Each structure stands twice: as C-alpha cells, then as structure tokens.
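Engineer: One structure coming up, written as structure tokens, with questions to follow.
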Amino acid sequence: MFLIDKDIEKETISDKCEKKILSSSKELSISHSYFKSGGLLKSHSHENAQITYIIKGRFEFVLDGDSRVLSAGDAVFIEPGESHSIFCLEDGEIIEAFNADIWEML
C-alpha cells in the first residue's frame with residue numbers, strides 16, 4: 001500500500017494540534033501530528049508500546065514523572081502502561097508508531 005501525503009486528510013485534535021493517521025491495523029499504527037506552540041496532549045497511558053520521533057520543533061515530554069525537552073531527531077520509547085504527556089514549546093511535527101490499533105482504543 002502506498003500512502004500519498006496529499007491524499008491523507010488531517011484530523012483536528014485541538015486548536016493547536018492536527019493529526020494524519022498514516023496506518024491503522026492490529027499490528028501497527030502510525031500517525032503524523034502537527035503542533036502549534038502551546039499544544040498539549042494531557043497525561044495518559046495505554047496498553048501498547050509507542051515510539052515518538054520528533055521531525056521538527058521542541059517538545060517537553062513527561063514520562064512517568066521524568067520531564068525532558070526534546071527536539072528534531074530525538075525520540076522517546078513509551079512502555080505499555082507508562083503515563084506520558086507532550087507539551088509543544090515551539091511549532092513542530094512528530095511521528096508516532098504503536099504496536100496496536102491505537103485509534104480503536106481511543
């Protein structure tokens with residue numbers, strides 16, 4: 001399957017975050033999110049593993065109480081059940097991959 005960027009519509013998550021779901025299956029889900037400065041994904045957890053890769057911008061990640069500022073080229077691996085949140089410090093984009101159909105769970 002080919003995924004052509006111009007053919008995938010953005011979904012509005014909040015006034016400061018949009019998301020494109022690139023793949024959604026029981027084995028692998030991938031999304032591309034676009035944040036404006038001040039965008040927040042509140043603390044949450046889920047039953048699957050997740051990896052988040054920062055394409056551009058700066059983000060504060062809180063992972064089980066450990067806070068780090070990450071920027072382009074950095075990534076974070078999130079174990080199943082770990083609480084995590086993301087706060088956008090500078091307009092940016094991230095790619096998220098999950099080992100499950102995360103969109104069915106939300």
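Numbering starts fresh at 1 for the residues of each chain in the structure tokens, the chains themselves are lettered A, B, ... in the order given, and ligands are numbered from 1 as they appear.
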With only C-alpha atoms as the counted atoms, please give the residues lying no more than 6 Å from Ser29 (chain A), apart from itself and same-chain residues fewer than 2 positions off, as a PDB file with all heavy atoms, in the first residue's frame.

Structural biologist:
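Just written: result-v5.pdb:
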ATOM      1  N   SER A  23      -1.427   4.845   9.091  1.00  0.00           N
ATOM      2  CA  SER A  23      -1.684   3.407   9.078  1.00  0.00           C
ATOM      3  C   SER A  23      -2.406   3.046  10.356  1.00  0.00           C
ATOM      4  O   SER A  23      -2.088   3.563  11.420  1.00  0.00           O
ATOM      5  CB  SER A  23      -0.360   2.633   9.008  1.00  0.00           C
ATOM      6  OG  SER A  23      -0.568   1.265   9.268  1.00  0.00           O
ATOM      7  N   SER A  24      -3.369   2.160  10.240  1.00  0.00           N
ATOM      8  CA  SER A  24      -4.090   1.714  11.419  1.00  0.00           C
ATOM      9  C   SER A  24      -4.454   0.245  11.243  1.00  0.00           C
ATOM     10  O   SER A  24      -5.287  -0.099  10.416  1.00  0.00           O
ATOM     11  CB  SER A  24      -5.347   2.563  11.608  1.00  0.00           C
ATOM     12  OG  SER A  24      -5.984   2.217  12.806  1.00  0.00           O
ATOM     13  N   SER A  25      -3.765  -0.609  11.989  1.00  0.00           N
ATOM     14  CA  SER A  25      -4.071  -2.036  11.951  1.00  0.00           C
ATOM     15  C   SER A  25      -3.820  -2.618  13.337  1.00  0.00           C
ATOM     16  O   SER A  25      -3.259  -1.951  14.206  1.00  0.00           O
ATOM     17  CB  SER A  25      -3.189  -2.749  10.915  1.00  0.00           C
ATOM     18  OG  SER A  25      -1.858  -2.866  11.385  1.00  0.00           O
ATOM     19  N   ALA A  97       4.422   5.798  16.408  1.00  0.00           N
ATOM     20  CA  ALA A  97       4.152   4.426  15.976  1.00  0.00           C
ATOM     21  C   ALA A  97       3.734   3.614  17.195  1.00  0.00           C
ATOM     22  O   ALA A  97       4.319   3.740  18.273  1.00  0.00           O
ATOM     23  CB  ALA A  97       5.388   3.822  15.319  1.00  0.00           C
ATOM     24  N   PHE A  98       2.712   2.798  17.008  1.00  0.00           N
ATOM     25  CA  PHE A  98       2.145   1.980  18.077  1.00  0.00           C
ATOM     26  C   PHE A  98       2.079   0.531  17.601  1.00  0.00           C
ATOM     27  O   PHE A  98       1.798   0.278  16.428  1.00  0.00           O
ATOM     28  CB  PHE A  98       0.709   2.423  18.397  1.00  0.00           C
ATOM     29  CG  PHE A  98       0.557   3.890  18.661  1.00  0.00           C
ATOM     30  CD1 PHE A  98       0.329   4.775  17.614  1.00  0.00           C
ATOM     31  CD2 PHE A  98       0.631   4.385  19.946  1.00  0.00           C
ATOM     32  CE1 PHE A  98       0.165   6.124  17.850  1.00  0.00           C
ATOM     33  CE2 PHE A  98       0.472   5.742  20.191  1.00  0.00           C
ATOM     34  CZ  PHE A  98       0.240   6.611  19.146  1.00  0.00           C
ATOM     35  N   ASP A 101      -3.742  -1.207  17.156  1.00  0.00           N
ATOM     36  CA  ASP A 101      -4.633  -0.240  16.529  1.00  0.00           C
ATOM     37  C   ASP A 101      -5.074   0.752  17.602  1.00  0.00           C
ATOM     38  O   ASP A 101      -6.115   0.605  18.223  1.00  0.00           O
ATOM     39  CB  ASP A 101      -5.836  -0.938  15.904  1.00  0.00           C
ATOM     40  CG  ASP A 101      -6.676   0.026  15.071  1.00  0.00           C
ATOM     41  OD1 ASP A 101      -6.452   1.242  15.153  1.00  0.00           O
ATOM     42  OD2 ASP A 101      -7.562  -0.452  14.357  1.00  0.00           O
TER      43      ASP A 101
END

Engineer: Within 9 Å of Phe35 (chain A), counting only C-alpha atoms, which residues show up once you throw out same-chain ones fewer than 3 positions away? Write them as a PyMOL selection string, please.

Structural biologist: chain A and resi 16-19+38-40+57+88+90-94

Engineer: Write out as a JSON list (two decimals) with C-alpha atoms, in the first residue's frame the residues lying within 10 Å of Ala100 (chain A), counting only C-alpha atoms and excluding same-chain residues fewer than 3 positions away.

Structural biologist:
[["chain", "number", "residue", "atom", "x", "y", "z"],
["A", 24, "SER", "CA", -4.09, 1.71, 11.42],
["A", 25, "SER", "CA", -4.07, -2.04, 11.95],
["A", 26, "LYS", "CA", -3.98, -4.51, 14.84],
["A", 27, "GLU", "CA", -0.23, -4.91, 14.31],
["A", 28, "LEU", "CA", 0.93, -1.33, 13.63],
["A", 29, "SER", "CA", -0.49, 2.17, 13.74],
["A", 30, "ILE", "CA", 1.42, 5.27, 12.63],
["A", 47, "GLU", "CA", -1.82, -0.89, 26.91],
["A", 48, "ASN", "CA", 0.51, -0.77, 23.90],
["A", 49, "ALA", "CA", 4.11, 0.28, 23.31],
["A", 50, "GLN", "CA", 4.73, 3.55, 21.49],
["A", 97, "ALA", "CA", 4.15, 4.43, 15.98],
["A", 103, "TRP", "CA", -7.34, 4.55, 17.19],
["A", 104, "GLU", "CA", -9.77, 1.74, 18.13],
["A", 105, "MET", "CA", -8.74, 2.19, 21.78]]

Engineer: Can you list, as a short mmCIF file (atom, residue, chain, number, x, y, z; two decimals) with N, CA and C atoms, in the first residue's frame, every protein, DNA or RNA residue that comes within 10 Å of region 78-83 of chain A when you count only C-alpha atoms, leaving out same-chain residues fewer than 6 positions away?

Structural biologist:
data_model
loop_
_atom_site.label_atom_id
_atom_site.label_comp_id
_atom_site.auth_asym_id
_atom_site.auth_seq_id
_atom_site.Cartn_x
_atom_site.Cartn_y
_atom_site.Cartn_z
N LYS A 42 -2.60 15.81 27.16
CA LYS A 42 -2.61 15.59 28.60
C LYS A 42 -2.08 14.19 28.95
N SER A 43 -1.65 14.06 30.18
CA SER A 43 -1.11 12.80 30.67
C SER A 43 -2.13 11.67 30.49
N HIS A 44 -1.63 10.57 29.93
CA HIS A 44 -2.46 9.40 29.69
C HIS A 44 -1.56 8.18 29.57
N SER A 45 -2.15 7.02 29.50
CA SER A 45 -1.40 5.79 29.27
C SER A 45 -2.28 4.86 28.45
N HIS A 46 -1.67 3.86 27.85
CA HIS A 46 -2.41 2.85 27.11
C HIS A 46 -1.68 1.53 27.19
N GLU A 47 -2.33 0.47 26.74
CA GLU A 47 -1.82 -0.89 26.91
C GLU A 47 -0.79 -1.30 25.87
N ASN A 48 -0.44 -0.42 24.97
CA ASN A 48 0.51 -0.77 23.90
C ASN A 48 1.79 0.03 24.04
N ALA A 49 2.85 -0.46 23.39
CA ALA A 49 4.11 0.28 23.31
C ALA A 49 3.96 1.37 22.25
N GLN A 50 4.77 2.41 22.41
CA GLN A 50 4.73 3.55 21.49
C GLN A 50 6.13 4.11 21.33
N ILE A 51 6.46 4.56 20.14
CA ILE A 51 7.68 5.33 19.94
C ILE A 51 7.28 6.62 19.23
N THR A 52 7.83 7.74 19.70
CA THR A 52 7.55 9.05 19.13
C THR A 52 8.87 9.65 18.65
N VAL A 62 6.80 14.35 29.37
CA VAL A 62 6.84 13.86 30.74
C VAL A 62 6.50 12.38 30.65
N LEU A 63 7.42 11.55 31.10
CA LEU A 63 7.28 10.10 31.04
C LEU A 63 7.42 9.55 32.45
N ASP A 64 6.30 9.11 33.03
CA ASP A 64 6.28 8.62 34.42
C ASP A 64 6.99 9.58 35.37
N GLY A 65 6.71 10.89 35.23
CA GLY A 65 7.25 11.90 36.12
C GLY A 65 8.61 12.47 35.71
N PHE A 98 2.71 2.80 17.01
CA PHE A 98 2.15 1.98 18.08
C PHE A 98 2.08 0.53 17.60
N ASN A 99 2.27 -0.42 18.52
CA ASN A 99 2.17 -1.82 18.14
C ASN A 99 0.76 -2.36 18.36
#

Engineer: Extract the full set of strand (DSSP E or B) residues from region 46-89 of chain A according to DSSP on the backbone, and format it as an MDAnalysis selection string.

Structural biologist: chainID A and resid 50:63 66:71 75:78 84:89

Engineer: Residues within 7 Å of Leu89 (chain A), please, as a PyMOL selection string. Count only C-alpha atoms; anything in the same chain fewer than 3 positions from it doesn't count.

Structural biologist: chain A and resi 37-38+58-60

Engineer: Generate the output file for the selected residues, N, CA, C and O atoms, as a PDB file, in the first residue's frame.

Structural biologist:
ATOM      1  N   SER A  37       2.819  25.932  18.961  1.00  0.00           N
ATOM      2  CA  SER A  37       3.347  26.209  20.293  1.00  0.00           C
ATOM      3  C   SER A  37       2.199  26.321  21.297  1.00  0.00           C
ATOM      4  O   SER A  37       1.191  26.961  21.026  1.00  0.00           O
ATOM      5  N   GLY A  38       2.357  25.672  22.431  1.00  0.00           N
ATOM      6  CA  GLY A  38       1.321  25.677  23.457  1.00  0.00           C
ATOM      7  C   GLY A  38       0.397  24.475  23.383  1.00  0.00           C
ATOM      8  O   GLY A  38      -0.410  24.261  24.290  1.00  0.00           O
ATOM      9  N   ARG A  58      10.228  21.809  19.186  1.00  0.00           N
ATOM     10  CA  ARG A  58      10.706  21.415  20.518  1.00  0.00           C
ATOM     11  C   ARG A  58       9.506  21.056  21.370  1.00  0.00           C
ATOM     12  O   ARG A  58       8.487  21.770  21.345  1.00  0.00           O
ATOM     13  N   PHE A  59       9.643  19.976  22.129  1.00  0.00           N
ATOM     14  CA  PHE A  59       8.552  19.455  22.933  1.00  0.00           C
ATOM     15  C   PHE A  59       9.054  19.078  24.316  1.00  0.00           C
ATOM     16  O   PHE A  59      10.161  18.563  24.456  1.00  0.00           O
ATOM     17  N   GLU A  60       8.226  19.318  25.321  1.00  0.00           N
ATOM     18  CA  GLU A  60       8.512  18.790  26.650  1.00  0.00           C
ATOM     19  C   GLU A  60       7.703  17.510  26.814  1.00  0.00           C
ATOM     20  O   GLU A  60       6.474  17.534  26.718  1.00  0.00           O
TER      21      GLU A  60
END

Engineer: Taking the backbone alone, and naming residues the way the document does, which bits of chain A are alpha helix (DSSP H) by DSSP, as an MDAnalysis selection string?

Structural biologist: chainID A and resid 102:105

Engineer: Report the distance between CA of Ala72 (chain A) and CA of Ile54 (chain A) in Å, rounded to one decimal place.

Structural biologist: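 CA of Ala72 (chain A) sits 4.9 Å away from CA of Ile54 (chain A).
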